[in-house]
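Colleague: Next up, target.tsv (TSV, C-alpha atoms).
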chain	number	residue	atom	x	y	z
A	7	ALA	CA	15.79	-10.42	12.98
A	8	GLY	CA	13.34	-8.28	11.04
A	9	TYR	CA	14.22	-5.51	8.59
A	10	SER	CA	15.75	-2.89	10.87
A	11	GLY	CA	17.69	-5.34	13.02
A	12	SER	CA	18.98	-7.46	10.15
A	13	VAL	CA	20.12	-4.45	8.14
A	14	VAL	CA	22.02	-3.05	11.13
A	15	ALA	CA	23.55	-6.48	11.80
A	16	GLU	CA	24.78	-6.82	8.23
A	17	ARG	CA	26.22	-3.30	8.09
A	18	MET	CA	28.02	-3.64	11.43
A	19	ALA	CA	29.31	-7.14	10.65
A	20	SER	CA	30.61	-5.96	7.27
A	21	SER	CA	32.49	-3.23	9.13
A	22	GLY	CA	34.27	-5.75	11.33
A	23	PHE	CA	32.02	-5.84	14.40
A	24	LYS	CA	30.84	-9.06	16.04
A	25	VAL	CA	27.05	-9.04	16.15
A	26	LEU	CA	24.58	-11.15	18.10
A	27	VAL	CA	21.05	-11.13	16.68
A	28	ILE	CA	18.29	-12.50	18.87
A	29	ASP	CA	14.62	-12.99	18.06
A	30	ARG	CA	11.89	-14.32	20.31
A	31	ARG	CA	10.26	-16.03	17.34
A	32	PRO	CA	11.58	-19.37	16.00
A	33	HIS	CA	12.43	-17.82	12.62
A	34	ILE	CA	14.17	-14.85	11.01
A	35	ALA	CA	12.64	-12.15	8.76
A	36	GLY	CA	10.19	-10.71	11.28
A	37	ASN	CA	6.72	-10.09	9.90
A	38	ALA	CA	8.06	-10.51	6.36
A	39	TYR	CA	8.66	-14.22	7.05
A	40	ASP	CA	7.38	-16.46	4.28
A	41	CYS	CA	7.39	-20.21	3.73
A	42	CYS	CA	5.87	-22.84	1.47
A	43	ASP	CA	2.68	-24.36	2.85
A	44	ALA	CA	1.76	-28.05	2.61
A	45	HIS	CA	0.65	-27.50	-0.98
A	46	GLY	CA	3.87	-25.91	-2.17
A	47	VAL	CA	2.53	-22.35	-2.30
A	48	ARG	CA	4.78	-19.70	-0.78
A	49	ILE	CA	2.63	-17.77	1.67
A	50	HIS	CA	3.33	-14.71	3.78
A	51	CYS	CA	2.68	-15.96	7.29
A	52	TYR	CA	1.94	-12.52	8.75
A	53	GLY	CA	-0.13	-11.09	5.93
A	54	PRO	CA	0.88	-9.75	2.51
A	55	HIS	CA	4.19	-7.94	2.20
A	56	ILE	CA	4.60	-6.17	-1.14
A	57	PHE	CA	7.90	-4.39	-1.58
A	58	HIS	CA	7.77	-0.89	-3.05
A	59	THR	CA	10.02	2.14	-2.71
A	60	ASN	CA	11.02	5.39	-4.35
A	61	ALA	CA	14.47	5.17	-2.77
A	62	PRO	CA	17.12	3.82	-5.19
A	63	ARG	CA	19.52	3.45	-2.26
A	64	ILE	CA	17.21	0.99	-0.44
A	65	PHE	CA	16.43	-1.01	-3.57
A	66	GLU	CA	20.10	-1.23	-4.54
A	67	TYR	CA	21.12	-2.26	-1.02
A	68	LEU	CA	18.56	-5.07	-0.78
A	69	SER	CA	19.42	-6.16	-4.32
A	70	ARG	CA	22.73	-7.43	-2.93
A	71	PHE	CA	20.76	-10.13	-1.15
A	72	THR	CA	18.06	-11.06	-3.64
A	73	THR	CA	17.08	-11.08	-7.27
A	74	TRP	CA	13.65	-9.63	-7.92
A	75	ARG	CA	10.42	-10.54	-9.64
A	76	THR	CA	8.69	-7.47	-11.05
A	77	TYR	CA	5.25	-7.23	-9.50
A	78	GLU	CA	2.70	-4.42	-9.31
A	79	HIS	CA	0.09	-5.02	-6.65
A	80	ARG	CA	-3.58	-4.56	-7.48
A	81	VAL	CA	-6.49	-4.48	-5.06
A	82	ARG	CA	-10.24	-4.69	-5.51
A	83	SER	CA	-12.82	-3.62	-2.95
A	84	TRP	CA	-16.10	-5.53	-2.52
A	85	VAL	CA	-18.82	-2.89	-2.18
A	86	ASP	CA	-22.57	-3.32	-2.64
A	87	GLY	CA	-22.21	-6.72	-4.27
A	88	ARG	CA	-19.46	-6.10	-6.80
A	89	PHE	CA	-15.72	-5.52	-7.10
A	90	TYR	CA	-14.28	-2.05	-7.68
A	91	PRO	CA	-10.72	-0.84	-8.31
A	92	PHE	CA	-9.09	0.45	-5.13
A	93	PRO	CA	-7.64	2.97	-4.41
A	94	ILE	CA	-10.53	4.91	-5.90
A	95	ASN	CA	-9.85	5.97	-9.48
A	96	ARG	CA	-11.87	7.14	-12.49
A	97	ASP	CA	-13.01	3.59	-13.28
A	98	THR	CA	-14.26	3.19	-9.71
A	99	LEU	CA	-16.41	6.31	-10.06
A	100	ASN	CA	-17.79	5.31	-13.48
A	101	LEU	CA	-18.66	1.77	-12.36
A	102	LEU	CA	-20.13	2.80	-9.03
A	103	TYR	CA	-22.30	5.69	-10.17
A	104	GLY	CA	-22.89	4.87	-13.86
A	105	LEU	CA	-20.93	7.94	-14.89
A	106	GLN	CA	-19.04	8.62	-18.08
A	107	LEU	CA	-16.01	10.52	-16.89
A	108	HIS	CA	-13.68	10.53	-19.89
A	109	ASN	CA	-10.53	12.15	-18.56
A	110	ASP	CA	-8.69	13.33	-15.47
A	111	ALA	CA	-10.26	16.77	-15.55
A	112	GLU	CA	-13.79	15.38	-15.53
A	113	ALA	CA	-12.96	12.99	-12.70
A	114	GLN	CA	-11.33	15.78	-10.69
A	115	ALA	CA	-14.36	17.97	-11.27
A	116	TYR	CA	-16.65	15.20	-10.01
A	117	LEU	CA	-14.56	14.65	-6.89
A	118	GLU	CA	-14.52	18.39	-6.28
A	119	SER	CA	-18.33	18.40	-6.45
A	120	VAL	CA	-18.75	15.69	-3.78
A	121	ARG	CA	-15.90	16.42	-1.40
A	122	VAL	CA	-16.61	17.96	1.99
A	123	PRO	CA	-13.93	20.63	2.49
A	124	GLN	CA	-12.37	20.69	5.94
A	125	SER	CA	-10.98	23.89	7.41
A	126	GLN	CA	-8.54	21.93	9.55
A	127	ILE	CA	-7.52	18.31	9.03
A	128	VAL	CA	-6.41	16.49	12.17
A	129	ASN	CA	-7.95	13.01	11.86
A	130	SER	CA	-8.47	10.26	9.27
A	131	GLU	CA	-12.18	10.94	8.77
A	132	GLN	CA	-11.42	14.52	7.79
A	133	VAL	CA	-8.73	13.41	5.35
A	134	VAL	CA	-11.16	11.20	3.45
A	135	LEU	CA	-14.13	13.58	3.56
A	136	ASN	CA	-11.91	16.36	2.29
A	137	ALA	CA	-10.92	14.18	-0.66
A	138	VAL	CA	-14.05	12.23	-1.66
A	139	GLY	CA	-17.06	13.21	0.45
A	140	TRP	CA	-19.52	11.20	2.53
A	141	ASP	CA	-20.74	8.47	0.15
A	142	LEU	CA	-17.33	7.19	-0.96
A	143	TYR	CA	-16.12	7.51	2.63
A	144	GLN	CA	-18.97	5.33	3.87
A	145	LYS	CA	-18.62	2.75	1.09
A	146	PHE	CA	-14.85	2.28	0.96
A	147	PHE	CA	-13.22	3.68	4.10
A	148	TYR	CA	-15.41	3.83	7.19
A	149	GLY	CA	-16.10	0.13	7.74
A	150	TYR	CA	-12.60	-0.98	6.83
A	151	THR	CA	-10.99	1.57	9.16
A	152	LYS	CA	-13.37	0.67	12.01
A	153	LYS	CA	-12.53	-3.03	11.66
A	154	GLN	CA	-8.81	-2.48	11.18
A	155	TRP	CA	-8.27	-0.18	14.14
A	156	GLY	CA	-11.24	-0.83	16.45
A	157	LEU	CA	-11.76	2.93	16.56
A	158	GLU	CA	-13.80	5.56	14.79
A	159	PRO	CA	-11.81	7.12	11.92
A	160	SER	CA	-12.30	10.46	13.68
A	161	GLU	CA	-10.19	9.11	16.57
A	162	ILE	CA	-7.19	8.20	14.39
A	163	LYS	CA	-4.49	10.61	13.34
A	164	ALA	CA	-4.70	12.02	9.81
A	165	GLY	CA	-1.54	10.32	8.57
A	166	VAL	CA	-3.14	6.86	8.62
A	167	ALA	CA	-5.77	7.65	5.97
A	168	ALA	CA	-3.38	9.93	4.09
A	169	ARG	CA	-1.42	6.81	3.06
A	170	ILE	CA	-4.21	5.88	0.60
A	171	PRO	CA	-4.37	8.01	-2.56
A	172	VAL	CA	-7.41	9.03	-4.59
A	173	ARG	CA	-6.86	9.13	-8.35
A	174	SER	CA	-8.56	10.82	-11.27
A	175	ASN	CA	-6.83	8.60	-13.85
A	176	GLN	CA	-7.33	4.88	-14.59
A	177	ASP	CA	-4.22	3.65	-12.80
A	178	ASP	CA	-5.40	0.64	-10.74
A	179	ARG	CA	-2.05	-0.20	-9.14
A	180	TYR	CA	-2.08	-0.01	-5.37
A	181	PHE	CA	1.36	1.64	-5.35
A	182	THR	CA	2.97	4.01	-7.84
A	183	ASP	CA	6.55	3.79	-6.52
A	184	GLU	CA	9.46	3.64	-8.96
A	185	PHE	CA	10.58	0.25	-7.64
A	186	GLN	CA	7.93	-2.44	-7.21
A	187	ALA	CA	9.05	-6.05	-6.94
A	188	MET	CA	9.03	-9.24	-4.90
A	189	PRO	CA	12.14	-11.17	-3.82
A	190	LYS	CA	12.30	-13.96	-6.39
A	191	ASP	CA	13.12	-16.65	-3.81
A	192	GLY	CA	10.98	-15.10	-1.07
A	193	TYR	CA	11.68	-12.80	1.85
A	194	THR	CA	13.05	-15.48	4.15
A	195	ALA	CA	15.76	-16.36	1.62
A	196	MET	CA	16.68	-12.67	1.35
A	197	PHE	CA	17.03	-12.45	5.15
A	198	GLU	CA	19.11	-15.64	5.23
A	199	ARG	CA	21.61	-13.92	2.92
A	200	LEU	CA	21.46	-10.69	4.93
A	201	LEU	CA	22.39	-12.58	8.09
A	202	ALA	CA	24.89	-15.02	6.56
A	203	HIS	CA	27.97	-12.96	7.46
A	204	LYS	CA	30.67	-14.76	9.46
A	205	ASN	CA	30.56	-12.02	12.14
A	206	ILE	CA	26.85	-12.57	12.83
A	207	GLU	CA	25.45	-15.08	15.30
A	208	VAL	CA	21.67	-15.60	15.26
A	209	ARG	CA	19.78	-17.02	18.24
A	210	LEU	CA	16.10	-17.73	17.69
A	211	SER	CA	13.35	-18.41	20.24
A	212	THR	CA	15.28	-16.04	22.51
A	213	ALA	CA	13.84	-12.97	24.19
A	214	TYR	CA	15.94	-9.93	25.12
A	215	ARG	CA	15.29	-10.57	28.82
A	216	ASP	CA	16.77	-14.05	28.42
A	217	VAL	CA	20.23	-12.77	27.53
A	218	CYS	CA	20.51	-9.10	28.51
A	219	ASP	CA	22.31	-9.89	31.80
A	220	GLU	CA	24.80	-12.36	30.34
A	221	ILE	CA	25.92	-10.49	27.21
A	222	GLU	CA	28.58	-7.80	27.45
A	223	ALA	CA	27.89	-5.71	24.38
A	224	ARG	CA	29.38	-2.38	23.41
A	225	HIS	CA	25.97	-1.35	22.19
A	226	VAL	CA	22.42	-2.71	22.04
A	227	LEU	CA	20.12	-2.06	19.12
A	228	TYR	CA	16.60	-2.77	20.37
A	229	THR	CA	13.79	-3.43	17.87
A	230	GLY	CA	11.09	-4.73	20.23
A	231	PRO	CA	8.25	-2.76	21.82
A	232	ILE	CA	9.72	0.26	23.58
A	233	ASP	CA	7.21	0.07	26.45
A	234	GLU	CA	8.21	-3.54	27.14
A	235	PHE	CA	11.88	-2.54	27.34
A	236	PHE	CA	11.02	-0.20	30.21
A	237	ASP	CA	8.75	-2.75	31.93
A	238	TYR	CA	5.65	-0.73	31.01
A	239	ARG	CA	6.65	2.00	33.46
A	240	PHE	CA	4.05	4.44	32.15
A	241	GLY	CA	1.55	1.81	30.98
A	242	LYS	CA	1.20	-0.23	27.80
A	243	LEU	CA	1.38	1.34	24.37
A	244	PRO	CA	-1.63	0.07	22.41
A	245	TYR	CA	-1.04	-1.94	19.24
A	246	ARG	CA	-3.48	-3.50	16.83
A	247	SER	CA	-3.04	-7.19	16.17
A	248	LEU	CA	-4.26	-9.62	13.52
A	249	ARG	CA	-5.47	-13.18	13.32
A	250	PHE	CA	-4.72	-14.98	10.07
A	251	GLU	CA	-6.81	-17.74	8.56
A	252	HIS	CA	-4.79	-19.56	5.91
A	253	TYR	CA	-6.64	-21.88	3.54
A	254	HIS	CA	-6.15	-23.73	0.26
A	255	VAL	CA	-8.45	-24.11	-2.74
A	256	PRO	CA	-7.24	-27.21	-4.61
A	257	GLU	CA	-9.63	-27.08	-7.57
A	258	LYS	CA	-8.73	-23.58	-8.81
A	259	GLU	CA	-5.62	-22.05	-10.32
A	260	PHE	CA	-6.75	-18.65	-9.02
A	261	ALA	CA	-9.66	-17.74	-6.75
A	262	GLN	CA	-9.38	-13.95	-7.13
A	263	GLU	CA	-8.79	-11.60	-10.05
A	264	VAL	CA	-6.04	-9.76	-8.15
A	265	GLY	CA	-3.66	-10.26	-5.24
A	266	THR	CA	-5.85	-8.69	-2.55
A	267	VAL	CA	-9.57	-8.05	-2.15
A	268	ASN	CA	-10.79	-5.66	0.55
A	269	TYR	CA	-14.09	-6.22	2.36
A	270	PRO	CA	-14.85	-2.89	4.03
A	271	ASN	CA	-18.53	-3.52	4.85
A	272	ASP	CA	-19.07	-7.28	4.91
A	273	PHE	CA	-17.70	-10.06	7.13
A	274	ALA	CA	-15.41	-9.84	10.15
A	275	TYR	CA	-12.23	-9.95	8.07
A	276	THR	CA	-10.80	-6.92	6.30
A	277	ARG	CA	-9.19	-8.54	3.28
A	278	ILE	CA	-8.24	-11.76	1.50
A	279	THR	CA	-4.85	-12.15	-0.18
A	280	GLU	CA	-4.04	-14.79	-2.79
A	281	PHE	CA	-0.32	-15.43	-2.81
A	282	LYS	CA	0.26	-16.92	-6.27
A	283	HIS	CA	-0.45	-13.47	-7.71
A	284	LEU	CA	2.42	-12.16	-5.58
A	285	THR	CA	4.93	-14.98	-6.03
A	286	GLY	CA	4.29	-15.92	-9.65
A	287	GLN	CA	4.50	-19.61	-8.73
A	288	GLN	CA	3.05	-22.23	-11.03
A	289	VAL	CA	1.75	-24.94	-8.73
A	290	ALA	CA	-1.55	-26.79	-8.47
A	291	GLY	CA	-4.30	-25.13	-6.48
A	292	THR	CA	-4.12	-21.79	-4.73
A	293	SER	CA	-3.59	-20.59	-1.16
A	294	LEU	CA	-5.20	-17.55	0.43
A	295	THR	CA	-5.28	-15.75	3.79
A	296	LYS	CA	-8.09	-13.90	5.52
A	297	GLU	CA	-7.12	-11.17	7.99
A	298	TYR	CA	-9.10	-10.56	11.16
A	299	PRO	CA	-8.02	-7.47	13.14
A	300	GLN	CA	-8.09	-7.86	16.91
A	301	ALA	CA	-7.09	-6.02	20.05
A	302	VAL	CA	-4.86	-8.72	21.57
A	303	GLY	CA	-1.99	-10.76	20.21
A	304	GLU	CA	1.27	-9.98	18.41
A	305	PRO	CA	1.78	-6.20	18.12
A	306	TYR	CA	1.55	-5.31	14.42
A	307	TYR	CA	0.33	-1.75	14.05
A	308	PRO	CA	0.90	1.18	16.41
A	309	ILE	CA	-2.46	2.84	17.05
A	310	LEU	CA	-1.73	6.46	16.25
A	311	THR	CA	-3.96	8.58	18.43
A	312	ASP	CA	-3.02	11.76	20.28
A	313	ALA	CA	-3.12	10.02	23.66
A	314	ASN	CA	-0.95	7.14	22.47
A	315	MET	CA	1.60	9.47	20.91
A	316	GLU	CA	1.80	11.38	24.20
A	317	LEU	CA	2.50	8.09	26.01
A	318	PHE	CA	5.15	7.19	23.44
A	319	GLN	CA	6.87	10.55	23.97
A	320	ALA	CA	7.25	9.67	27.65
A	321	TYR	CA	9.04	6.44	26.72
A	322	LEU	CA	11.10	8.22	24.09
A	323	ALA	CA	12.35	10.67	26.70
A	324	LEU	CA	13.53	7.69	28.79
A	325	ALA	CA	15.16	6.09	25.75
A	326	LYS	CA	17.21	9.22	25.09
A	327	THR	CA	18.86	8.88	28.49
A	328	LEU	CA	20.46	5.55	27.52
A	329	GLU	CA	23.73	6.09	25.69
A	330	GLN	CA	24.40	2.43	24.95
A	331	VAL	CA	20.96	1.50	23.61
A	332	THR	CA	19.45	2.58	20.29
A	333	PHE	CA	15.76	2.02	19.54
A	334	VAL	CA	14.93	1.28	15.90
A	335	GLY	CA	11.98	-0.17	13.99
A	336	ARG	CA	8.21	-0.10	13.95
A	337	LEU	CA	7.76	-1.33	17.53
A	338	ALA	CA	10.68	0.52	19.09
A	339	GLN	CA	9.87	3.81	17.36
A	340	TYR	CA	6.08	3.35	17.47
A	341	ARG	CA	5.76	4.18	13.78
A	342	TYR	CA	3.76	2.77	10.91
A	343	TYR	CA	6.78	1.82	8.78
A	344	ASN	CA	6.63	0.25	5.33
A	345	MET	CA	9.34	-2.32	4.63
A	346	ASP	CA	11.58	0.13	2.78
A	347	GLN	CA	11.22	2.61	5.64
A	348	ALA	CA	12.18	-0.07	8.17
A	349	ALA	CA	15.25	-0.92	6.08
A	350	ALA	CA	16.09	2.79	5.77
A	351	ALA	CA	15.81	3.17	9.55
A	352	GLY	CA	18.27	0.30	9.87
A	353	LEU	CA	20.76	1.90	7.49
A	354	LYS	CA	20.48	5.22	9.33
A	355	ALA	CA	21.03	3.52	12.70
A	356	ALA	CA	24.04	1.63	11.35
A	357	GLU	CA	25.61	4.87	10.13
A	358	TYR	CA	25.07	6.40	13.57
A	359	LEU	CA	26.58	3.38	15.33
A	360	LEU	CA	29.58	3.17	13.03
A	361	GLU	CA	30.36	6.81	13.76
A	362	LYS	CA	29.76	6.36	17.49
A	363	LEU	CA	31.75	3.14	17.95
A	364	SER	CA	34.61	3.65	15.52
Let me see whether you can do it: turn the structure in this file into structure tokens.

Modeller:
Amino acid sequence: AGYSGSVVAERMASSGFKVLVIDRRPHIAGNAYDCCDAHGVRIHCYGPHIFHTNAPRIFEYLSRFTTWRTYEHRVRSWVDGRFYPFPINRDTLNLLYGLQLHNDAEAQAYLESVRVPQSQIVNSEQVVLNAVGWDLYQKFFYGYTKKQWGLEPSEIKAGVAARIPVRSNQDDRYFTDEFQAMPKDGYTAMFERLLAHKNIEVRLSTAYRDVCDEIEARHVLYTGPIDEFFDYRFGKLPYRSLRFEHYHVPEKEFAQEVGTVNYPNDFAYTRITEFKHLTGQQVAGTSLTKEYPQAVGEPYYPILTDANMELFQAYLALAKTLEQVTFVGRLAQYRYYNMDQAAAAGLKAAEYLLEKLS
């Protein structure tokens, strides 16, 4: 009942199909699930989810199920005892090095002077060195990446680091997408509307193995871990997990200047998110979450190394032999999807199924 599954369910139900949605968790909305804590602050229970997309189709589709609160996410990074804008921009460079870079051209020239050109870029370390050189890499990227993934950046595929831009202007927004907003009533409310169709039945606290033998379905759309579906025939696909520490500060309206603060070099956690920045709520006190990456637990992030991708390809080859099962979503496709990409994958799968089953 996360993005991909819920979108497919709504599209198929709206086309006249009966749909059963199951989720092993006791709630809908997948990792986007949010709820109000004991203090009335709406928190994201599985870490911050900030919606952003350049796809009008995705934004317009989800707008059928929510109104939006305009929100542009900002992040600071705690480095050498002070906060800096992140992703790195011209202000970051001026504050960090005591420079006076006045325009984009001067900032670009500085970055060009410190970057370490790479003849071939195949891993995340090379991506960052090629863009900003050793010092900025060590201060902002190395420690965070090592904590987040439990691997050296040189062991991780280039696409992971390529997600983070480096800017020569003073734009301190984390994202620059055309559409940036938060569901006004929260993500859970949006998913409730997505799944409210009369042709949809939702069963929570139910694993696929619990019902797969008793349900006669024309087609199965599977959004769980693909290796689990095949009983780990070739071994487990590695995922990175997280532990969340939620806490409340009653005496402050806000505890941070911005929604998220990264801690690349200090502490065991990678970042702290303060949710009132995201939700716009006006309630007493403030609630925050620290994120601690770990090797075991709920699978959140596919670990994109060459060896893991080779293992995934073996499972993908098996998946392609099953005509009545479609694998969609971050876990089933072993991809690092943003929310809009997960929704887009759901729409694409629904179009495929409607053509196949009609």

Colleague: Show me, as JSON, numbers by chain, the residues that have an atom within 10 Å of Pro54 (chain A) when counting all atoms listed in the file, minus same-chain residues fewer than 5 positions from it.

Modeller: {"A": [37, 38, 40, 49, 265, 266, 278, 279, 280, 281, 284, 295, 297]}

Colleague: Fewer than 3 positions away in the same chain doesn't count, so skip those; otherwise give me all residues within 8 Å of Ala350 (chain A), counting only C-alpha atoms, as a PyMOL selection string.

Modeller: chain A and resi 10+64+346-347+353-354

Colleague: State, in Å with one decimal place, the distance from CA of Leu360 (chain A) to CA of His203 (chain A).

Modeller: 17.1 Å

Colleague: Grab the CA of Asp141 (chain A) to CA of Arg179 (chain A) distance for me, in Å with one decimal place.

Modeller: 22.6 Å

Colleague: List as a Markdown table every residue of region 289-348 of chain A that is in contact with region 107-130 of chain A, defined as an atom at most 12 Å from one of its atoms (using all atoms listed in the file), together with the nearest atom pair and the distance in Å rounded to one decimal, sorted by chain and then rising number.

Modeller:
| residue | atom | partner | partner_atom | distance |
| --- | --- | --- | --- | --- |
| A:Leu310 | CA | A:Asn129 | CA | 10.0 |
| A:Thr311 | CA | A:Asn129 | CA | 8.9 |
| A:Asp312 | CA | A:Asn129 | CA | 9.8 |

Colleague: Got a sec: who's within 9 Å of Pro231 (chain A), counting all atoms listed in the file, leaving out chain neighbours fewer than 6 positions off, as a list in words?

Modeller: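 Residues meeting the cut-off are Leu243, Pro305, Arg336, Leu337, Ala338, Gln339 and Tyr340 of chain A.
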
Colleague: Using all atoms listed in the file, which residue out of A:Tyr214, A:Phe71, A:Tyr90, A:Phe181 lies closest to Arg199 (chain A)?

Modeller: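 Using all atoms listed in the file, the shortest distance to Arg199 (chain A) belongs to A:Phe71.
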
Colleague: Hey, what's within 10 Å of Ser20 (chain A) if we count all atoms listed in the file and toss same-chain stuff fewer than 3 positions away? As a list of chain:residue names, please?

Modeller: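 So the residues in contact are A:Val14, A:Ala15, A:Glu16, A:Arg17, A:Phe23, A:Lys24, A:His203, A:Lys204, A:Asn205, A:Ile206.
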
Colleague: One number please: CA of Val27 (chain A) to CA of Leu201 (chain A), in Å, one decimal.

Modeller: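 Here the two named atoms are 8.8 Å from each other.
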
Colleague: Hey, what's within 6 Å of Ala35 (chain A) if we count only C-alpha atoms and toss same-chain stuff fewer than 2 positions away? As a ChimeraX atom specification, please?

Modeller: /A:7-8,38-39,194,197

Colleague: Out of A:Tyr306, A:Phe65, A:Phe273, A:Tyr103, which residue has the shortest atom-to-atom distance to Ala349 (chain A) when counting all atoms listed in the file?

Modeller: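 Counting all atoms listed in the file, the residue closest to Ala349 (chain A) is A:Phe65.
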
Colleague: Given the choices A:Leu68, A:Cys41, A:Leu102, A:Ala167, which gets closest to Val134 (chain A) if the distance is worked out from all atoms listed in the file?

Modeller: A:Ala167

Colleague: Which of these residues is nearest to Ser160 (chain A), using all atoms listed in the file: A:Leu99, A:Val289, A:Leu135, A:Ala348?

Modeller: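 Result for the nearest residue to Ser160 (chain A): A:Leu135.
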
Colleague: Could you check the closest approach to Ile309 (chain A) for each of A:Arg341, A:Arg63, A:Lys362, A:His33 and tell me which residue wins, using all atoms listed in the file?

Modeller: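 Of A:Arg341, A:Arg63, A:Lys362, A:His33, the one nearest Ile309 (chain A), counting all atoms listed in the file, is A:Arg341.
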
Colleague: So, with all atoms listed in the file as the atoms that count, which of A:Asp178, A:Asp191, A:Glu251, A:Asp216 lies closest to Arg277 (chain A)?

Modeller: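 The shortest atom-to-atom distance to Arg277 (chain A) comes from A:Glu251.
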